[in-house]
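Below is target_39.cif, holding mmCIF, C-alpha atoms and all ligand atoms.
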data_run
#
loop_
_atom_site.label_atom_id
_atom_site.label_comp_id
_atom_site.auth_asym_id
_atom_site.auth_seq_id
_atom_site.Cartn_x
_atom_site.Cartn_y
_atom_site.Cartn_z
CA MET A 1309 0.00 0.00 0.00
CA THR A 1310 1.20 3.52 -0.77
CA THR A 1311 1.83 5.49 2.41
CA PRO A 1312 -0.43 8.55 2.47
CA GLN A 1313 1.44 11.84 2.13
CA LEU A 1314 1.30 14.13 5.13
CA ILE A 1315 -0.02 17.56 4.36
CA THR A 1316 2.90 19.91 4.59
CA GLN A 1317 1.83 22.69 2.28
CA LYS A 1318 -0.36 25.67 3.09
CA LEU A 1319 -3.81 25.09 1.62
CA SER A 1320 -4.70 28.56 0.40
CA ALA A 1321 -3.11 31.74 -0.79
CA GLY A 1322 -3.50 35.04 1.04
CA PRO A 1323 -2.33 36.09 4.46
CA ALA A 1324 0.65 34.10 5.70
CA ASP A 1325 -1.37 32.07 8.20
CA ALA A 1326 -4.43 31.41 5.96
CA GLY A 1327 -3.47 27.76 5.56
CA THR A 1328 -3.69 27.25 9.28
CA LEU A 1329 -7.40 28.13 9.34
CA ASP A 1330 -8.52 24.77 7.95
CA ALA A 1331 -7.19 21.23 7.54
CA HIS A 1332 -6.67 21.06 11.29
CA ARG A 1333 -8.04 17.56 11.39
CA THR A 1334 -7.07 16.21 7.97
CA THR A 1335 -3.96 14.19 8.70
CA ALA A 1336 -3.23 12.89 5.20
CA ILE A 1337 -4.22 13.38 1.59
CA SER A 1338 -3.35 10.74 -0.99
CA PRO A 1339 -4.23 10.30 -4.68
CA LEU A 1340 -7.50 8.72 -5.77
CA ILE A 1341 -7.64 6.95 -9.14
CA SER A 1342 -9.99 8.63 -11.62
CA PRO A 1343 -13.24 6.89 -12.58
CA ALA A 1344 -12.26 7.25 -16.26
CA LEU A 1345 -9.00 5.39 -15.70
CA LEU A 1346 -10.68 2.56 -13.81
CA ARG A 1347 -13.37 2.28 -16.49
CA GLU A 1348 -10.69 2.19 -19.20
CA ASP A 1349 -8.82 -0.61 -17.40
CA HIS A 1350 -12.02 -2.56 -16.77
CA PRO A 1351 -14.45 -1.71 -19.56
CA VAL A 1352 -18.00 -2.96 -19.99
CA ASP A 1353 -18.24 -5.26 -23.02
CA ALA A 1354 -21.35 -5.78 -25.14
CA ALA A 1355 -22.47 -8.88 -23.23
CA VAL A 1356 -22.25 -7.16 -19.83
CA ALA A 1357 -23.97 -4.04 -21.18
CA LYS A 1358 -26.86 -6.25 -22.30
CA VAL A 1359 -27.14 -7.82 -18.80
CA VAL A 1360 -27.14 -4.37 -17.15
CA ARG A 1361 -29.73 -2.92 -19.54
CA GLN A 1362 -31.97 -5.98 -19.30
CA GLY A 1363 -31.55 -6.12 -15.51
CA ARG A 1364 -32.71 -2.52 -15.26
CA SER A 1365 -35.58 -2.72 -17.74
CA GLU A 1366 -36.99 -5.96 -16.30
CA THR A 1367 -36.93 -4.42 -12.80
CA VAL A 1368 -38.73 -1.32 -14.07
CA ASP A 1369 -41.34 -3.48 -15.83
CA ILE A 1370 -42.01 -5.28 -12.53
CA LEU A 1371 -42.16 -1.99 -10.61
CA ASP A 1372 -44.64 -0.58 -13.13
CA GLY A 1373 -46.80 -3.74 -13.21
CA ARG A 1374 -46.08 -4.68 -16.83
CA ASP A 1375 -44.34 -7.87 -15.67
CA ASP A 1376 -46.08 -10.05 -13.07
CA ARG A 1377 -42.92 -11.66 -11.69
CA LEU A 1378 -41.34 -10.74 -8.36
CA ALA A 1379 -38.03 -8.89 -8.19
CA VAL A 1380 -35.73 -10.62 -5.70
CA VAL A 1381 -32.53 -8.93 -4.52
CA VAL A 1382 -30.51 -11.63 -2.82
CA GLY A 1383 -26.89 -12.08 -1.78
CA PRO A 1384 -24.39 -11.39 0.99
CA CYS A 1385 -24.85 -8.54 3.41
CA SER A 1386 -21.43 -7.36 2.26
CA VAL A 1387 -18.65 -8.60 0.01
CA HIS A 1388 -15.40 -9.13 1.93
CA ASP A 1389 -13.91 -11.93 -0.22
CA PRO A 1390 -14.49 -11.48 -3.98
CA GLU A 1391 -13.71 -15.16 -4.64
CA ALA A 1392 -16.45 -16.36 -2.27
CA ALA A 1393 -18.85 -13.79 -3.71
CA LEU A 1394 -18.15 -15.09 -7.22
CA ASP A 1395 -18.64 -18.68 -6.05
CA TYR A 1396 -22.02 -17.63 -4.68
CA ALA A 1397 -22.80 -15.77 -7.93
CA ARG A 1398 -22.21 -18.92 -10.02
CA LYS A 1399 -24.78 -20.83 -7.97
CA LEU A 1400 -27.23 -17.94 -8.02
CA ALA A 1401 -26.89 -17.44 -11.79
CA ALA A 1402 -27.95 -21.06 -12.39
CA LYS A 1403 -30.87 -20.73 -9.96
CA ALA A 1404 -31.94 -17.40 -11.51
CA GLU A 1405 -32.02 -19.02 -14.94
CA GLU A 1406 -34.11 -21.93 -13.60
CA LEU A 1407 -36.70 -19.59 -12.03
CA ARG A 1408 -36.63 -16.75 -14.54
CA GLY A 1409 -40.23 -17.35 -15.60
CA ASP A 1410 -41.40 -16.37 -12.10
CA LEU A 1411 -38.62 -14.37 -10.46
CA HIS A 1412 -36.30 -11.61 -11.63
CA ILE A 1413 -33.21 -12.26 -9.50
CA VAL A 1414 -30.65 -9.53 -8.85
CA MET A 1415 -27.56 -10.32 -6.77
CA ARG A 1416 -26.76 -8.11 -3.77
CA VAL A 1417 -23.14 -7.13 -4.33
CA TYR A 1418 -22.65 -4.56 -1.57
CA PHE A 1419 -19.29 -2.83 -1.19
CA GLU A 1420 -20.19 0.08 1.09
CA LYS A 1421 -21.49 -0.49 4.62
CA PRO A 1422 -23.15 2.33 6.59
CA ARG A 1423 -22.29 1.70 10.26
CA THR A 1424 -24.46 2.57 13.24
CA THR A 1425 -21.32 3.78 15.00
CA LEU A 1426 -18.02 2.24 13.92
CA GLY A 1427 -16.86 -0.91 12.17
CA TRP A 1428 -15.44 -2.21 8.89
CA LYS A 1429 -16.97 -0.01 6.18
CA GLY A 1430 -16.80 -2.42 3.28
CA LEU A 1431 -14.51 -3.73 0.56
CA ILE A 1432 -14.03 -0.37 -1.16
CA ASN A 1433 -12.95 1.37 2.05
CA ASP A 1434 -10.73 -1.40 3.44
CA PRO A 1435 -10.24 -4.26 0.94
CA ASP A 1436 -7.44 -5.89 2.94
CA LEU A 1437 -9.61 -6.02 6.08
CA ASP A 1438 -6.75 -4.72 8.16
CA GLY A 1439 -7.33 -1.00 8.61
CA THR A 1440 -4.94 0.03 5.81
CA PHE A 1441 -7.77 1.60 3.75
CA ALA A 1442 -6.40 0.78 0.28
CA VAL A 1443 -9.35 2.51 -1.41
CA ASN A 1444 -7.89 2.47 -4.94
CA LYS A 1445 -7.48 -1.30 -4.65
CA GLY A 1446 -11.00 -1.57 -3.22
CA LEU A 1447 -12.49 0.32 -6.16
CA ARG A 1448 -10.61 -1.91 -8.60
CA LEU A 1449 -11.72 -5.13 -6.86
CA ALA A 1450 -15.30 -3.87 -6.76
CA ARG A 1451 -15.38 -3.06 -10.47
CA GLU A 1452 -13.75 -6.37 -11.39
CA LEU A 1453 -16.27 -8.32 -9.34
CA LEU A 1454 -19.23 -6.45 -10.80
CA LEU A 1455 -17.97 -7.30 -14.29
CA ASP A 1456 -17.38 -10.97 -13.35
CA VAL A 1457 -20.84 -11.39 -11.81
CA SER A 1458 -22.54 -9.64 -14.73
CA ALA A 1459 -20.63 -11.83 -17.19
CA LEU A 1460 -22.49 -14.79 -15.66
CA GLY A 1461 -25.71 -13.18 -16.89
CA LEU A 1462 -26.68 -12.06 -13.37
CA PRO A 1463 -27.67 -8.40 -12.84
CA VAL A 1464 -26.23 -6.79 -9.70
CA GLY A 1465 -27.56 -4.49 -6.98
CA CYS A 1466 -25.44 -2.14 -4.82
CA GLU A 1467 -26.07 0.30 -2.02
CA PHE A 1468 -24.75 3.76 -2.85
CA LEU A 1469 -23.34 5.40 0.25
CA ASP A 1470 -20.48 7.70 -0.71
CA PRO A 1471 -21.63 10.24 -3.32
CA ILE A 1472 -18.33 9.96 -5.25
CA THR A 1473 -18.25 6.15 -5.57
CA PRO A 1474 -21.01 5.77 -8.21
CA GLN A 1475 -18.81 7.25 -10.96
CA PHE A 1476 -16.51 4.23 -10.52
CA ILE A 1477 -19.12 1.47 -10.69
CA ALA A 1478 -22.66 2.66 -11.47
CA ASP A 1479 -22.46 1.73 -15.16
CA ILE A 1480 -22.47 -1.97 -14.14
CA VAL A 1481 -25.30 -1.73 -11.58
CA SER A 1482 -28.87 -2.77 -12.48
CA TRP A 1483 -30.55 -1.86 -9.19
CA GLY A 1484 -29.43 0.56 -6.48
CA SER A 1485 -30.32 1.12 -2.86
CA ILE A 1486 -30.23 3.98 -0.40
CA GLY A 1487 -30.00 2.66 3.14
CA ALA A 1488 -31.99 3.39 6.25
CA ARG A 1489 -29.31 5.71 7.62
CA THR A 1490 -29.19 7.97 4.55
CA ALA A 1491 -32.78 8.05 3.26
CA ALA A 1492 -33.27 11.49 4.83
CA SER A 1493 -30.12 12.90 3.26
CA GLN A 1494 -30.61 15.48 0.52
CA VAL A 1495 -27.22 14.54 -0.90
CA HIS A 1496 -28.43 10.95 -1.44
CA ARG A 1497 -31.80 12.01 -2.82
CA GLN A 1498 -30.02 14.22 -5.37
CA LEU A 1499 -27.72 11.34 -6.21
CA CYS A 1500 -30.76 9.09 -6.86
CA SER A 1501 -32.15 11.70 -9.23
CA ALA A 1502 -29.03 11.18 -11.37
CA LEU A 1503 -28.71 7.40 -11.24
CA SER A 1504 -29.58 5.45 -14.39
CA MET A 1505 -31.07 2.44 -12.61
CA PRO A 1506 -34.13 1.89 -10.37
CA VAL A 1507 -33.30 2.64 -6.73
CA GLY A 1508 -34.96 1.27 -3.58
CA ILE A 1509 -35.00 3.61 -0.58
CA LYS A 1510 -35.39 2.25 2.95
CA ASN A 1511 -37.49 3.38 5.89
CA SER A 1512 -35.45 4.76 8.79
CA THR A 1513 -33.86 2.58 11.46
CA GLU A 1514 -36.43 3.96 13.92
CA GLY A 1515 -39.30 2.94 11.60
CA ASP A 1516 -40.24 6.20 9.89
CA ILE A 1517 -41.80 5.17 6.56
CA GLN A 1518 -42.58 8.74 5.47
CA VAL A 1519 -38.86 9.52 5.12
CA ALA A 1520 -38.61 6.87 2.37
CA VAL A 1521 -41.77 8.15 0.68
CA ASP A 1522 -40.42 11.72 0.79
CA ALA A 1523 -37.05 10.54 -0.56
CA THR A 1524 -38.79 8.74 -3.44
CA ARG A 1525 -40.64 11.94 -4.30
CA ALA A 1526 -37.53 14.11 -4.02
CA ALA A 1527 -35.48 11.71 -6.16
CA ALA A 1528 -38.09 11.82 -8.93
CA ALA A 1529 -37.50 15.57 -9.33
CA SER A 1530 -34.77 17.39 -11.23
CA HIS A 1531 -31.85 18.79 -9.17
CA VAL A 1532 -28.71 20.87 -9.62
CA PHE A 1533 -25.85 19.99 -7.26
CA PRO A 1534 -22.07 19.61 -7.06
CA GLY A 1535 -20.61 16.25 -7.98
CA ILE A 1536 -17.68 14.81 -9.91
CA THR A 1537 -17.23 14.02 -13.57
CA ILE A 1538 -15.89 10.74 -14.92
CA ASP A 1539 -12.46 12.41 -14.93
CA GLY A 1540 -12.77 13.01 -11.20
CA LEU A 1541 -13.17 16.78 -11.48
CA ALA A 1542 -15.64 18.78 -9.44
CA ALA A 1543 -18.62 19.84 -11.54
CA LEU A 1544 -22.16 21.09 -11.28
CA LEU A 1545 -24.61 18.35 -12.25
CA THR A 1546 -28.13 18.94 -13.56
CA THR A 1547 -30.38 15.87 -13.41
CA SER A 1548 -33.75 14.98 -14.89
CA GLY A 1549 -35.02 13.00 -11.87
CA ASN A 1550 -35.46 9.25 -11.38
CA PRO A 1551 -39.06 7.97 -11.76
CA ASP A 1552 -38.01 4.40 -10.87
CA CYS A 1553 -37.30 4.90 -7.17
CA HIS A 1554 -39.41 2.92 -4.71
CA VAL A 1555 -39.76 2.29 -0.98
CA ILE A 1556 -38.18 -0.68 0.82
CA LEU A 1557 -39.75 -1.70 4.14
CA ARG A 1558 -36.91 -3.06 6.29
CA GLY A 1559 -38.46 -3.05 9.76
CA SER A 1560 -36.89 -1.03 12.55
CA SER A 1561 -35.58 -0.99 16.07
CA ALA A 1562 -39.25 -1.11 17.09
CA GLY A 1563 -39.87 -4.36 15.18
CA PRO A 1564 -41.02 -5.64 11.77
CA ASN A 1565 -43.10 -3.67 9.26
CA TYR A 1566 -43.92 -6.29 6.62
CA ASP A 1567 -47.38 -6.96 8.08
CA PRO A 1568 -50.45 -6.21 5.88
CA ALA A 1569 -51.32 -3.04 7.85
CA SER A 1570 -47.83 -1.52 7.36
CA VAL A 1571 -47.85 -2.39 3.66
CA THR A 1572 -51.32 -0.86 3.20
CA GLU A 1573 -50.26 2.24 5.12
CA THR A 1574 -47.16 2.62 2.92
CA LEU A 1575 -49.15 2.23 -0.30
CA GLY A 1576 -51.60 4.86 0.99
CA ARG A 1577 -48.78 7.29 1.76
CA LEU A 1578 -47.34 6.74 -1.74
CA GLU A 1579 -50.74 7.41 -3.32
CA LYS A 1580 -51.13 10.59 -1.26
CA SER A 1581 -47.75 11.77 -2.56
CA GLY A 1582 -48.73 11.02 -6.16
CA LEU A 1583 -46.25 8.14 -6.39
CA PRO A 1584 -46.73 4.62 -7.80
CA GLU A 1585 -48.11 2.21 -5.17
CA ARG A 1586 -45.45 -0.48 -4.89
CA VAL A 1587 -43.02 -1.68 -2.20
CA ILE A 1588 -40.14 -4.05 -1.80
CA ILE A 1589 -39.85 -5.91 1.51
CA ASP A 1590 -36.43 -6.51 3.04
CA ALA A 1591 -36.75 -9.80 4.94
CA SER A 1592 -33.59 -9.00 6.91
CA HIS A 1593 -32.61 -6.12 9.23
CA GLY A 1594 -35.50 -4.94 11.44
CA ASN A 1595 -37.89 -7.41 9.80
CA SER A 1596 -35.81 -10.37 10.98
CA ARG A 1597 -34.33 -8.62 14.00
CA LYS A 1598 -31.05 -9.56 12.31
CA ASP A 1599 -31.74 -13.28 12.89
CA HIS A 1600 -31.13 -15.14 9.62
CA VAL A 1601 -33.46 -18.00 10.62
CA ARG A 1602 -36.25 -15.47 11.09
CA GLN A 1603 -35.58 -14.19 7.53
CA GLY A 1604 -36.85 -17.55 6.27
CA GLU A 1605 -40.05 -17.15 8.30
CA VAL A 1606 -40.59 -13.65 6.87
CA VAL A 1607 -40.15 -14.86 3.28
CA THR A 1608 -42.45 -17.84 3.83
CA GLU A 1609 -45.19 -15.60 5.27
CA LEU A 1610 -44.83 -13.11 2.42
CA ALA A 1611 -44.97 -15.92 -0.15
CA ALA A 1612 -48.30 -17.05 1.32
CA ARG A 1613 -49.71 -13.53 1.03
CA ILE A 1614 -48.43 -13.19 -2.54
CA ALA A 1615 -49.97 -16.55 -3.46
CA GLU A 1616 -53.29 -15.23 -2.12
CA GLY A 1617 -53.13 -12.27 -4.50
CA GLU A 1618 -51.05 -9.51 -2.81
CA ARG A 1619 -49.90 -7.17 -5.62
CA GLY A 1620 -48.51 -4.13 -3.78
CA ILE A 1621 -45.38 -6.09 -2.88
CA VAL A 1622 -43.36 -6.14 -6.09
CA GLY A 1623 -40.13 -7.51 -4.69
CA LEU A 1624 -38.18 -8.95 -1.80
CA MET A 1625 -34.68 -8.65 -0.42
CA MET A 1626 -32.80 -11.44 1.38
CA GLU A 1627 -29.35 -11.53 2.91
CA SER A 1628 -27.78 -14.85 1.94
CA PHE A 1629 -24.30 -16.29 1.53
CA LEU A 1630 -22.68 -19.73 1.24
CA THR A 1631 -22.60 -20.41 5.00
CA ALA A 1632 -25.29 -19.46 7.52
CA GLY A 1633 -24.92 -16.75 10.16
CA ARG A 1634 -22.13 -14.26 10.69
CA GLN A 1635 -18.65 -14.07 12.17
CA GLU A 1636 -16.64 -11.33 13.83
CA LEU A 1637 -13.81 -9.80 11.79
CA VAL A 1638 -10.62 -9.08 13.71
CA LEU A 1639 -8.77 -6.47 11.63
CA GLY A 1640 -5.57 -7.92 10.21
CA ARG A 1641 -6.66 -11.53 10.76
CA ALA A 1642 -8.77 -12.11 7.65
CA SER A 1643 -7.00 -15.43 6.98
CA GLU A 1644 -8.79 -16.87 10.03
CA LEU A 1645 -12.27 -16.19 8.62
CA THR A 1646 -14.67 -19.00 7.69
CA TYR A 1647 -15.08 -19.13 3.90
CA GLY A 1648 -18.38 -17.81 2.57
CA GLN A 1649 -19.75 -16.49 5.87
CA SER A 1650 -20.78 -12.86 6.42
CA ILE A 1651 -18.67 -10.48 8.49
CA THR A 1652 -21.54 -7.98 8.78
CA ASP A 1653 -25.17 -9.08 9.24
CA ALA A 1654 -26.17 -12.75 9.57
CA CYS A 1655 -27.10 -14.43 6.27
CA LEU A 1656 -29.17 -17.43 5.21
CA ASP A 1657 -27.08 -20.29 3.85
CA TRP A 1658 -27.26 -21.40 0.23
CA ASP A 1659 -29.55 -24.40 0.71
CA SER A 1660 -32.13 -22.42 2.70
CA THR A 1661 -31.94 -19.69 0.07
CA THR A 1662 -32.75 -22.01 -2.84
CA GLY A 1663 -35.71 -23.44 -0.91
CA LEU A 1664 -37.07 -19.92 -0.28
CA LEU A 1665 -36.57 -18.90 -3.91
CA ASP A 1666 -38.58 -21.99 -4.95
CA THR A 1667 -41.32 -20.99 -2.48
CA LEU A 1668 -41.46 -17.45 -3.91
CA ALA A 1669 -41.59 -18.75 -7.48
CA ALA A 1670 -44.48 -21.06 -6.55
CA ALA A 1671 -46.26 -18.09 -4.95
CA VAL A 1672 -45.98 -16.07 -8.16
CA ARG A 1673 -47.42 -18.99 -10.16
CA ALA A 1674 -50.29 -19.33 -7.66
CA ARG A 1675 -51.04 -15.59 -7.91
CA ARG A 1676 -51.36 -15.90 -11.69
O1 LIG A 1701 -26.61 -4.18 6.65
C1 LIG A 1701 -25.70 -3.99 7.41
C2 LIG A 1701 -25.84 -3.41 8.74
O2 LIG A 1701 -27.09 -3.62 9.26
C3 LIG A 1701 -25.53 -1.95 8.73
O3 LIG A 1701 -24.37 -1.73 7.99
C4 LIG A 1701 -25.37 -1.46 10.15
O4 LIG A 1701 -24.53 -2.28 10.83
P1 LIG A 1701 -24.03 -2.00 12.30
O5 LIG A 1701 -25.22 -1.64 13.12
O6 LIG A 1701 -23.41 -3.30 12.70
O7 LIG A 1701 -23.04 -0.89 12.24
C1 LIG A 1702 -27.28 -1.48 5.41
C2 LIG A 1702 -28.30 -2.15 4.92
O1 LIG A 1702 -29.57 -2.02 5.29
P1 LIG A 1702 -30.26 -0.89 6.16
O2 LIG A 1702 -29.90 0.40 5.50
O3 LIG A 1702 -31.70 -1.24 6.03
O4 LIG A 1702 -29.75 -1.01 7.55
C3 LIG A 1702 -28.11 -3.18 3.89
O5 LIG A 1702 -29.10 -3.59 3.25
O6 LIG A 1702 -26.99 -3.60 3.72
#

Please render this file's structure as structure tokens.
Amino acid sequence: MTTPQLITQKLSAGPADAGTLDAHRTTAISPLISPALLREDHPVDAAVAKVVRQGRSETVDILDGRDDRLAVVVGPCSVHDPEAALDYARKLAAKAEELRGDLHIVMRVYFEKPRTTLGWKGLINDPDLDGTFAVNKGLRLARELLLDVSALGLPVGCEFLDPITPQFIADIVSWGSIGARTAASQVHRQLCSALSMPVGIKNSTEGDIQVAVDATRAAAASHVFPGITIDGLAALLTTSGNPDCHVILRGSSAGPNYDPASVTETLGRLEKSGLPERVIIDASHGNSRKDHVRQGEVVTELAARIAEGERGIVGLMMESFLTAGRQELVLGRASELTYGQSITDACLDWDSTTGLLDTLAAAVRARR
């Protein structure tokens, strides 16, 4: 890893001590690769472009009710080992092909983790899992993995957390998410208005659904805001607005919110705001109280409601990896980790996941 350069120079011209007025707490500045350079090194070929476009358009067709399948965003809580993620992707690609008549499967390939307080912030921020923060390496690994997963014919979904990151990877993403901790953020709502894919926006960790409805409305509008270009330069961006944003109910610290009353209330709030009445349910997080076994119960209950005719729920999210549960990462001791097991939230294992995907596919057929 390159050692970050200490700031030694004054940061602005003017009076002799002007440079001492800021940068008091910035201890290092080091170069960041440009999005253009990364894209040139790892370009999207025609086959991947087709997967991305199709992944996006099929999701939008489901959101708008032109396609009666369910969208299912499924995969690890976070990627910490690209090899294990790709192993998982190979299995999921085969399953997605098998069920494609009933389910539109998008793989969760999450590289940025919003923490409640502190913790490992994801593969882009710290790819070596040791606190060395080799961000340029993280961006490269992320882009390579997105290309590899897409090359299997599997569209990918990512959470967008840092407003600069999308320029490095968004061209390979078919579905995006704004998490519970940033749904209220104007910066993220503006970002959504620029993104080229459908974006799911979560209710708050405390259970406020209106914040996700408001974010969906704000993201659908045009905005002007500072951002970066593909060359990594600061620029003023003007956006047209994203009509494909939608609410994700993820439960909260107060408990689940996938029950019929919460879904009806959400659809009512969307209607009142002049927005399409559709939701995705996240079976994990507050809806499972972070218990992966409970995720299975949530999905099974939702499948029964879908089979009975529920149409407001257009998609589901599941956290799933090769091995069940989660493990604690000790920074610098990644070699001791169990292969294919989450180091963030607990995940369903592969066998349970395939059973639940079969159950959801059967529910879609019953609803027809
Ligand atoms: O999905 C992942 C986590 O729920 C989220 O990043 C918050 O995690 P934390 O509460 O462990 O920080
Ligand atoms: C961080 C996540 O979820 P939430 O924002 O709902 O906590 C996630 O889905 O990885």

Atom-to-atom span, atom CA of Phe1629 of chain A and atom O3 of ligand LIG 1702 (chain A), Å: 17.4 Å

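With only C-alpha atoms taken into account, the protein and nucleic acid residues at most 8 Å from segment 1341-1357 of chain A (excluding it and anything under 5 positions from it in its own chain) are Asn1444, Arg1448, Arg1451, Glu1452, Leu1455, Ser1458, Ala1459, Gly1461, Gln1475, Phe1476, Ile1480, Ile1538, Asp1539 and Gly1540 of chain A.
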
Go through the chains and note each residue within 12 Å of ligand LIG 1701 (chain A), using all atoms listed in the file, then give the set as a count of residues only. 60

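With distances restricted to only C-alpha atoms, A:Pro1435 is the closest residue to Leu1639 of chain A from A:Gly1623, A:Gly1373, A:Pro1435, A:Pro1390.
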
Using atom CA of Val1555 of chain A and atom CA of Gly1620 of chain A as the two end points, give the distance in Å to one decimal. 11.2 Å

Residue nearest Leu1503 of chain A - candidates A:Gln1603, A:Thr1524, A:Asn1550, A:Gln1518, atoms counted: only C-alpha atoms: A:Asn1550

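Excluding segment 1657-1661 of chain A itself and any same-chain residue fewer than 3 positions from it, the protein and nucleic acid residues within 8 Å of it, counting all atoms listed in the file, are Gly1604, Ser1628, Phe1629, Leu1630, Thr1631, Ala1632, Gly1633, Leu1664 and Leu1665 of chain A.
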
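Restricting the calculation to only C-alpha atoms and all ligand atoms, the smallest distance between ligand LIG 1702 (chain A) and any of A:Val1359, A:Ile1556, A:Met1415, A:Leu1400 is found for A:Ile1556.
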
Give me the box for ligand LIG 1702 (chain A) as JSON, namely the centre and edge lengths in Å to one decimal of a box along x, y and z that holds every listed atom plus 3 Å on each side.
{"center_x": -29.3, "center_y": -1.6, "center_z": 5.4, "size_x": 10.7, "size_y": 10.0, "size_z": 10.3}

Find the spatial neighbours of Trp1483 of chain A, counting only C-alpha atoms, within a cut-off of 8 Å - ignore same-chain residues fewer than 3 positions away - and output them as a ChimeraX atom specification. /A:1363-1364,1367,1414,1464-1466,1505-1508

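Excluding segment 1529-1533 of chain A itself and any same-chain residue fewer than 5 positions from it, the protein and nucleic acid residues within 9 Å of it, counting all atoms listed in the file, are A:Val1495, A:Gln1498, A:Leu1499, A:Ser1501, A:Ala1502, A:Ala1543, A:Leu1544, A:Leu1545, A:Thr1546, A:Thr1547, A:Ser1548, A:Gly1549, A:Asn1550, A:Pro1551.
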
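Pairwise distance (atom CA of Ala1478 of chain A, atom CA of Leu1449 of chain A) equals 14.2 Å.
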
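Nearest residue to Thr1662 of chain A, choosing from A:Ile1517, A:Val1571, A:Val1607, A:Ala1379 and counting only C-alpha atoms: A:Val1607.
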